[in-house]
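Asks: Below is the structure I would like to discuss, written out as structure tokens.
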Amino acid sequence: MPTPLLQIQQLSLSYGPMTVLQDFSLTLQRGEILCLLGPSGCGKTSVLKSIAGLTPGARGDIRIGTDTVLSAQYSMPAEERRVGFIFQDYALFPHLTVAENVRYGLQDLTAAEQQQRCLEVLQLTELDTLAGRYPHELSGGQQQRLALARALAPRPRLLLMDEPFSNIDALVKQRMMSDLRQLLRQQDISVIFVTHAKDEAFAFADRMAVMLDGRIAQTGTVFDVRNQPASVAVAQIMESGNLLQASQAARYLHSPQLHSDRDDAVWLLQPHWLWAEADDQGPAELLGTQLTQHHIRLELRMPEGEIWYVDQHELPDWQPGQKLRLHYQQPPYLIPLH
């Protein structure tokens, strides 16, 4: 098995009495794009800064390639780690042109080498015709590509991206993520990016790590983490679907055929696994409907006040307040309680 590009073992970070990261461990393969996803304050950005050497006080072991960049005895200076970093606001120099922003990180090269490398990355990111413009003269997408060009210019081994799509209009985000993913693939660049938006993880990542309270709660492909969450907390972060306590099964579902005596697990029922029928004695109350790209989503209030969702292909002739009975057409997934 090939050696991972990045290996993190038992990374910890505290600010006074506040623990930000605790025993955080992670590996990243060469050419892989990994998403760190989790709620605000869970430590995602602190992981990136610790890898890049921007956070004093980090403890643990970090290896990039064959180099140990952090250990109990040593912390490699940030400028020697060959790690590119794209910040949420891109951190472009407003008083420098596009070309000058890119050349800023190439001070160790000769003027001719700087010029050649600058031209290469500007052509790669399709900014070569805008080399003389200033950041405020660029669109949001062009600013993002400039931040990428500047990060790629020194030939980093690893690229770190902090909420890279948060400032991009939703109408162009999908196309931009596709183009950027293809560009990174062409350059065989390993990437870790931070987000709290699941749609970005679905579209951009090969693998994801869900973070909670400074630790990794689950890693795997986006599909596996969403459909087979390791805990209720992960299921809630991923919005995997409706959660059903064993004691509720008989009341909430028609002929559930679930083990109602299970008290060590919670059932996950994704919205498209369910279907609803009108029944004045049913346990669910229709609150409203939402039209999505592929289906009609019913929003329901369940007996104990929970909000559930059911996806259907046709818009039913029901009004809010209609009572419904629920059936499932795919066996629920069992989430163990830890």
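The way I read the labels, and the way they are meant: chains A, B, ... in the order of the structure tokens, residue 1 as the first residue of every chain, and ligand 1 as the first ligand shown, with later ones counted on from there.
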Extract, using only C-alpha atoms, all DNA, RNA and protein residues at most 7 Å from Met211 (chain A), discarding same-chain residues fewer than 3 positions from it, and format them as a list in words.
Replies: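 Counting only C-alpha atoms, the residues come to Leu36, Leu37, Gly38, Cys42, Gly214, Arg215, Ile216 and Ala217 of chain A.
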Asks: Identify, on the basis of only C-alpha atoms, every residue whose closest approach to Gln330 (chain A) does not exceed 12 Å; exclude the query and any residue fewer than 2 positions from it along the same chain; express the result as a list in words.
Replies: Pro256, Gln257, Leu268, Leu269, Gln270, Pro271, His272, Trp273, Leu274, Trp275, His327, Tyr328, Pro332 and Tyr333 of chain A
Asks: Deliver the residues from the most recent selection as a file, using N, CA, C and O atoms, as a PDB file, in the first residue's frame.
Replies:
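The file below, part_26.pdb, is the result:
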```pdb
ATOM      1  N   PRO A 256     -44.458  -1.976  11.126  1.00  0.00           N
ATOM      2  CA  PRO A 256     -43.029  -1.684  10.991  1.00  0.00           C
ATOM      3  C   PRO A 256     -42.136  -2.905  10.934  1.00  0.00           C
ATOM      4  O   PRO A 256     -41.078  -2.869  10.323  1.00  0.00           O
ATOM      5  N   GLN A 257     -42.568  -4.021  11.597  1.00  0.00           N
ATOM      6  CA  GLN A 257     -41.751  -5.233  11.630  1.00  0.00           C
ATOM      7  C   GLN A 257     -40.335  -4.923  12.128  1.00  0.00           C
ATOM      8  O   GLN A 257     -39.346  -5.485  11.654  1.00  0.00           O
ATOM      9  N   LEU A 268     -32.698   4.673  11.355  1.00  0.00           N
ATOM     10  CA  LEU A 268     -32.619   5.766  10.386  1.00  0.00           C
ATOM     11  C   LEU A 268     -33.492   5.422   9.189  1.00  0.00           C
ATOM     12  O   LEU A 268     -33.330   4.360   8.581  1.00  0.00           O
ATOM     13  N   LEU A 269     -34.411   6.324   8.853  1.00  0.00           N
ATOM     14  CA  LEU A 269     -35.269   6.159   7.686  1.00  0.00           C
ATOM     15  C   LEU A 269     -35.112   7.391   6.802  1.00  0.00           C
ATOM     16  O   LEU A 269     -35.578   8.475   7.149  1.00  0.00           O
ATOM     17  N   GLN A 270     -34.456   7.240   5.682  1.00  0.00           N
ATOM     18  CA  GLN A 270     -34.284   8.370   4.777  1.00  0.00           C
ATOM     19  C   GLN A 270     -35.624   8.713   4.123  1.00  0.00           C
ATOM     20  O   GLN A 270     -36.485   7.843   3.948  1.00  0.00           O
ATOM     21  N   PRO A 271     -35.813   9.987   3.778  1.00  0.00           N
ATOM     22  CA  PRO A 271     -37.114  10.417   3.249  1.00  0.00           C
ATOM     23  C   PRO A 271     -37.595   9.622   2.043  1.00  0.00           C
ATOM     24  O   PRO A 271     -38.811   9.374   1.912  1.00  0.00           O
ATOM     25  N   HIS A 272     -36.678   9.193   1.165  1.00  0.00           N
ATOM     26  CA  HIS A 272     -37.117   8.472  -0.027  1.00  0.00           C
ATOM     27  C   HIS A 272     -37.367   6.988   0.254  1.00  0.00           C
ATOM     28  O   HIS A 272     -37.780   6.254  -0.642  1.00  0.00           O
ATOM     29  N   TRP A 273     -37.112   6.541   1.485  1.00  0.00           N
ATOM     30  CA  TRP A 273     -37.444   5.164   1.860  1.00  0.00           C
ATOM     31  C   TRP A 273     -38.897   5.031   2.308  1.00  0.00           C
ATOM     32  O   TRP A 273     -39.375   3.927   2.526  1.00  0.00           O
ATOM     33  N   LEU A 274     -39.580   6.155   2.490  1.00  0.00           N
ATOM     34  CA  LEU A 274     -40.926   6.160   3.050  1.00  0.00           C
ATOM     35  C   LEU A 274     -41.966   6.547   2.008  1.00  0.00           C
ATOM     36  O   LEU A 274     -41.653   7.211   1.020  1.00  0.00           O
ATOM     37  N   TRP A 275     -43.204   6.162   2.248  1.00  0.00           N
ATOM     38  CA  TRP A 275     -44.320   6.705   1.472  1.00  0.00           C
ATOM     39  C   TRP A 275     -45.510   6.882   2.402  1.00  0.00           C
ATOM     40  O   TRP A 275     -45.633   6.211   3.427  1.00  0.00           O
ATOM     41  N   HIS A 327     -45.525   4.260   5.630  1.00  0.00           N
ATOM     42  CA  HIS A 327     -45.007   2.930   5.338  1.00  0.00           C
ATOM     43  C   HIS A 327     -43.554   3.085   4.895  1.00  0.00           C
ATOM     44  O   HIS A 327     -43.146   4.157   4.443  1.00  0.00           O
ATOM     45  N   TYR A 328     -42.784   2.021   4.985  1.00  0.00           N
ATOM     46  CA  TYR A 328     -41.426   2.093   4.457  1.00  0.00           C
ATOM     47  C   TYR A 328     -41.220   1.029   3.400  1.00  0.00           C
ATOM     48  O   TYR A 328     -41.763  -0.078   3.480  1.00  0.00           O
ATOM     49  N   PRO A 332     -35.018   0.059   7.348  1.00  0.00           N
ATOM     50  CA  PRO A 332     -34.263   1.130   7.999  1.00  0.00           C
ATOM     51  C   PRO A 332     -32.839   0.706   8.315  1.00  0.00           C
ATOM     52  O   PRO A 332     -32.530  -0.488   8.396  1.00  0.00           O
ATOM     53  N   TYR A 333     -31.988   1.711   8.492  1.00  0.00           N
ATOM     54  CA  TYR A 333     -30.601   1.446   8.874  1.00  0.00           C
ATOM     55  C   TYR A 333     -30.491   1.602  10.386  1.00  0.00           C
ATOM     56  O   TYR A 333     -31.008   2.550  10.978  1.00  0.00           O
TER      57      TYR A 333
END
```
Asks: Find the spatial neighbours of Ala99 (chain A), counting only C-alpha atoms, within a cut-off of 7 Å - ignore same-chain residues fewer than 3 positions away - and output them as a PyMOL selection string.
Replies: chain A and resi 102-103+118+131-132
Asks: Okay, now the selection with N, CA, C and O atoms, as a PDB file, in the first residue's frame?
Replies:
```pdb
ATOM      1  N   VAL A 102       0.616  36.553  -7.512  1.00  0.00           N
ATOM      2  CA  VAL A 102       1.154  35.206  -7.749  1.00  0.00           C
ATOM      3  C   VAL A 102       2.653  35.165  -7.490  1.00  0.00           C
ATOM      4  O   VAL A 102       3.168  34.212  -6.886  1.00  0.00           O
ATOM      5  N   ARG A 103       3.378  36.179  -7.915  1.00  0.00           N
ATOM      6  CA  ARG A 103       4.837  36.181  -7.749  1.00  0.00           C
ATOM      7  C   ARG A 103       5.271  36.400  -6.310  1.00  0.00           C
ATOM      8  O   ARG A 103       6.432  36.142  -5.970  1.00  0.00           O
ATOM      9  N   CYS A 118       4.939  32.169 -12.920  1.00  0.00           N
ATOM     10  CA  CYS A 118       3.720  32.977 -12.841  1.00  0.00           C
ATOM     11  C   CYS A 118       2.862  32.761 -14.079  1.00  0.00           C
ATOM     12  O   CYS A 118       1.643  32.569 -13.989  1.00  0.00           O
ATOM     13  N   ALA A 131      -3.675  39.453 -16.046  1.00  0.00           N
ATOM     14  CA  ALA A 131      -2.486  39.578 -15.194  1.00  0.00           C
ATOM     15  C   ALA A 131      -2.286  40.984 -14.647  1.00  0.00           C
ATOM     16  O   ALA A 131      -1.748  41.164 -13.550  1.00  0.00           O
ATOM     17  N   GLY A 132      -2.719  42.001 -15.370  1.00  0.00           N
ATOM     18  CA  GLY A 132      -2.495  43.376 -14.939  1.00  0.00           C
ATOM     19  C   GLY A 132      -3.617  43.968 -14.106  1.00  0.00           C
ATOM     20  O   GLY A 132      -3.505  45.115 -13.658  1.00  0.00           O
TER      21      GLY A 132
END
```
Asks: Need the shell around Arg251 (chain A): protein/DNA/RNA residues with any atom at most 12 Å away, counting only C-alpha atoms. Skip same-chain ones fewer than 6 positions apart. Format as a compact mmCIF listing (two decimals) with N, CA and C atoms, in the first residue's frame?
Replies:
```
# COMPACT_ATOMS: atom_id res chain seq x y z
N LEU A 244 -35.72 7.28 14.44
CA LEU A 244 -36.84 6.62 15.10
C LEU A 244 -36.34 5.80 16.29
N GLN A 245 -36.82 6.12 17.48
CA GLN A 245 -36.51 5.32 18.66
C GLN A 245 -37.28 3.99 18.56
N GLN A 257 -42.57 -4.02 11.60
CA GLN A 257 -41.75 -5.23 11.63
C GLN A 257 -40.34 -4.92 12.13
N LEU A 258 -40.24 -4.00 13.06
CA LEU A 258 -38.97 -3.68 13.68
C LEU A 258 -38.96 -4.27 15.08
N SER A 260 -39.18 -3.88 18.41
CA SER A 260 -39.58 -2.79 19.29
C SER A 260 -38.94 -2.87 20.67
N GLN A 281 -56.65 8.57 11.12
CA GLN A 281 -56.12 8.04 12.38
C GLN A 281 -54.59 7.91 12.34
N GLY A 282 -53.99 8.40 11.29
CA GLY A 282 -52.55 8.26 11.15
C GLY A 282 -51.78 9.11 12.15
N PRO A 283 -50.53 8.76 12.43
CA PRO A 283 -49.75 9.46 13.46
C PRO A 283 -49.10 10.75 12.98
N ALA A 284 -49.00 10.95 11.67
CA ALA A 284 -48.29 12.11 11.13
C ALA A 284 -49.26 13.18 10.67
N MET A 302 -44.62 14.67 13.79
CA MET A 302 -44.88 13.36 14.35
C MET A 302 -45.46 13.50 15.77
N PRO A 303 -45.93 12.40 16.37
CA PRO A 303 -46.68 12.48 17.62
C PRO A 303 -45.96 13.19 18.77
N GLU A 304 -44.65 13.09 18.84
CA GLU A 304 -43.93 13.72 19.94
C GLU A 304 -43.29 15.05 19.52
N ARG A 325 -50.62 8.16 7.34
CA ARG A 325 -49.99 6.94 7.85
C ARG A 325 -48.76 6.67 6.99
N LEU A 326 -47.68 6.25 7.63
CA LEU A 326 -46.42 6.06 6.94
C LEU A 326 -46.06 4.59 6.79
N HIS A 327 -45.53 4.26 5.63
CA HIS A 327 -45.01 2.93 5.34
C HIS A 327 -43.55 3.08 4.90
```
Asks: Residues of region 52-114 of chain A in alpha helix (DSSP H) according to DSSP, as a list in words?
Replies: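 Result set for region 52-114 of chain A (alpha helix (DSSP H)): Ala52, Val98, Ala99, Glu100, Asn101, Val102, Arg103, Ala111, Ala112, Glu113 and Gln114 of chain A.
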Asks: Would you mind exporting the chosen residues as a tab-separated table (two decimals), in the first residue's frame, restricted to all heavy atoms?
Replies:
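part-v7.tsv was written with the following content:
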```tsv
chain	number	residue	atom	x	y	z
A	52	ALA	N	-0.38	23.48	8.60
A	52	ALA	CA	0.41	24.50	7.91
A	52	ALA	C	1.47	25.12	8.81
A	52	ALA	O	2.34	25.85	8.32
A	52	ALA	CB	-0.52	25.59	7.38
A	98	VAL	N	-2.78	40.98	-10.34
A	98	VAL	CA	-2.92	39.52	-10.37
A	98	VAL	C	-1.55	38.86	-10.44
A	98	VAL	O	-1.23	37.96	-9.66
A	98	VAL	CB	-3.80	39.09	-11.56
A	98	VAL	CG1	-3.69	37.59	-11.82
A	98	VAL	CG2	-5.25	39.49	-11.33
A	99	ALA	N	-0.71	39.31	-11.38
A	99	ALA	CA	0.61	38.71	-11.54
A	99	ALA	C	1.47	38.94	-10.30
A	99	ALA	O	2.21	38.04	-9.86
A	99	ALA	CB	1.30	39.27	-12.77
A	100	GLU	N	1.39	40.10	-9.71
A	100	GLU	CA	2.20	40.41	-8.53
A	100	GLU	C	1.75	39.58	-7.32
A	100	GLU	O	2.58	39.16	-6.50
A	100	GLU	CB	2.12	41.91	-8.21
A	100	GLU	CG	2.84	42.77	-9.23
A	100	GLU	CD	2.52	44.25	-9.09
A	100	GLU	OE1	1.49	44.58	-8.44
A	100	GLU	OE2	3.27	45.07	-9.63
A	101	ASN	N	0.45	39.33	-7.21
A	101	ASN	CA	-0.04	38.44	-6.15
A	101	ASN	C	0.56	37.05	-6.29
A	101	ASN	O	0.97	36.44	-5.31
A	101	ASN	CB	-1.57	38.36	-6.19
A	101	ASN	CG	-2.24	39.31	-5.22
A	101	ASN	OD1	-2.39	39.01	-4.04
A	101	ASN	ND2	-2.64	40.47	-5.75
A	102	VAL	N	0.62	36.55	-7.51
A	102	VAL	CA	1.15	35.21	-7.75
A	102	VAL	C	2.65	35.17	-7.49
A	102	VAL	O	3.17	34.21	-6.89
A	102	VAL	CB	0.84	34.75	-9.19
A	102	VAL	CG1	1.56	33.43	-9.51
A	102	VAL	CG2	-0.66	34.60	-9.38
A	103	ARG	N	3.38	36.18	-7.92
A	103	ARG	CA	4.84	36.18	-7.75
A	103	ARG	C	5.27	36.40	-6.31
A	103	ARG	O	6.43	36.14	-5.97
A	103	ARG	CB	5.47	37.27	-8.64
A	103	ARG	CG	5.47	36.94	-10.12
A	103	ARG	CD	6.49	37.79	-10.87
A	103	ARG	NE	6.17	39.20	-10.78
A	103	ARG	CZ	5.46	39.89	-11.68
A	103	ARG	NH1	4.98	39.25	-12.75
A	103	ARG	NH2	5.23	41.17	-11.53
A	111	ALA	N	14.30	36.34	-11.22
A	111	ALA	CA	13.23	37.11	-11.86
A	111	ALA	C	12.67	36.36	-13.08
A	111	ALA	O	11.45	36.34	-13.30
A	111	ALA	CB	13.75	38.48	-12.27
A	112	ALA	N	13.57	35.74	-13.84
A	112	ALA	CA	13.12	35.00	-15.03
A	112	ALA	C	12.29	33.78	-14.63
A	112	ALA	O	11.27	33.47	-15.27
A	112	ALA	CB	14.32	34.57	-15.86
A	113	GLU	N	12.73	33.09	-13.58
A	113	GLU	CA	12.00	31.92	-13.10
A	113	GLU	C	10.64	32.32	-12.54
A	113	GLU	O	9.64	31.62	-12.74
A	113	GLU	CB	12.82	31.19	-12.04
A	113	GLU	CG	14.05	30.48	-12.60
A	113	GLU	CD	14.96	29.95	-11.50
A	113	GLU	OE1	14.92	30.50	-10.37
A	113	GLU	OE2	15.71	28.99	-11.77
A	114	GLN	N	10.61	33.46	-11.83
A	114	GLN	CA	9.34	33.95	-11.32
A	114	GLN	C	8.36	34.23	-12.45
A	114	GLN	O	7.19	33.86	-12.39
A	114	GLN	CB	9.55	35.23	-10.50
A	114	GLN	CG	10.25	35.04	-9.17
A	114	GLN	CD	10.38	36.34	-8.41
A	114	GLN	OE1	9.53	37.22	-8.50
A	114	GLN	NE2	11.46	36.49	-7.66
```
Asks: To one decimal place in Å, what is the distance between CA of Ser14 (chain A) and CA of Cys35 (chain A)?
Replies: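 Between CA of Ser14 (chain A) and CA of Cys35 (chain A) the gap works out to 22.8 Å.
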Asks: One decimal, Å: what's the distance from CA of Gly41 (chain A) over to CA of Leu159 (chain A), could you say?
Replies: 21.8 Å
Asks: Hey, what's within 10 Å of Glu200 (chain A) if we count only C-alpha atoms and toss same-chain stuff fewer than 2 positions away? As a count of residues only, please?
Replies: 19
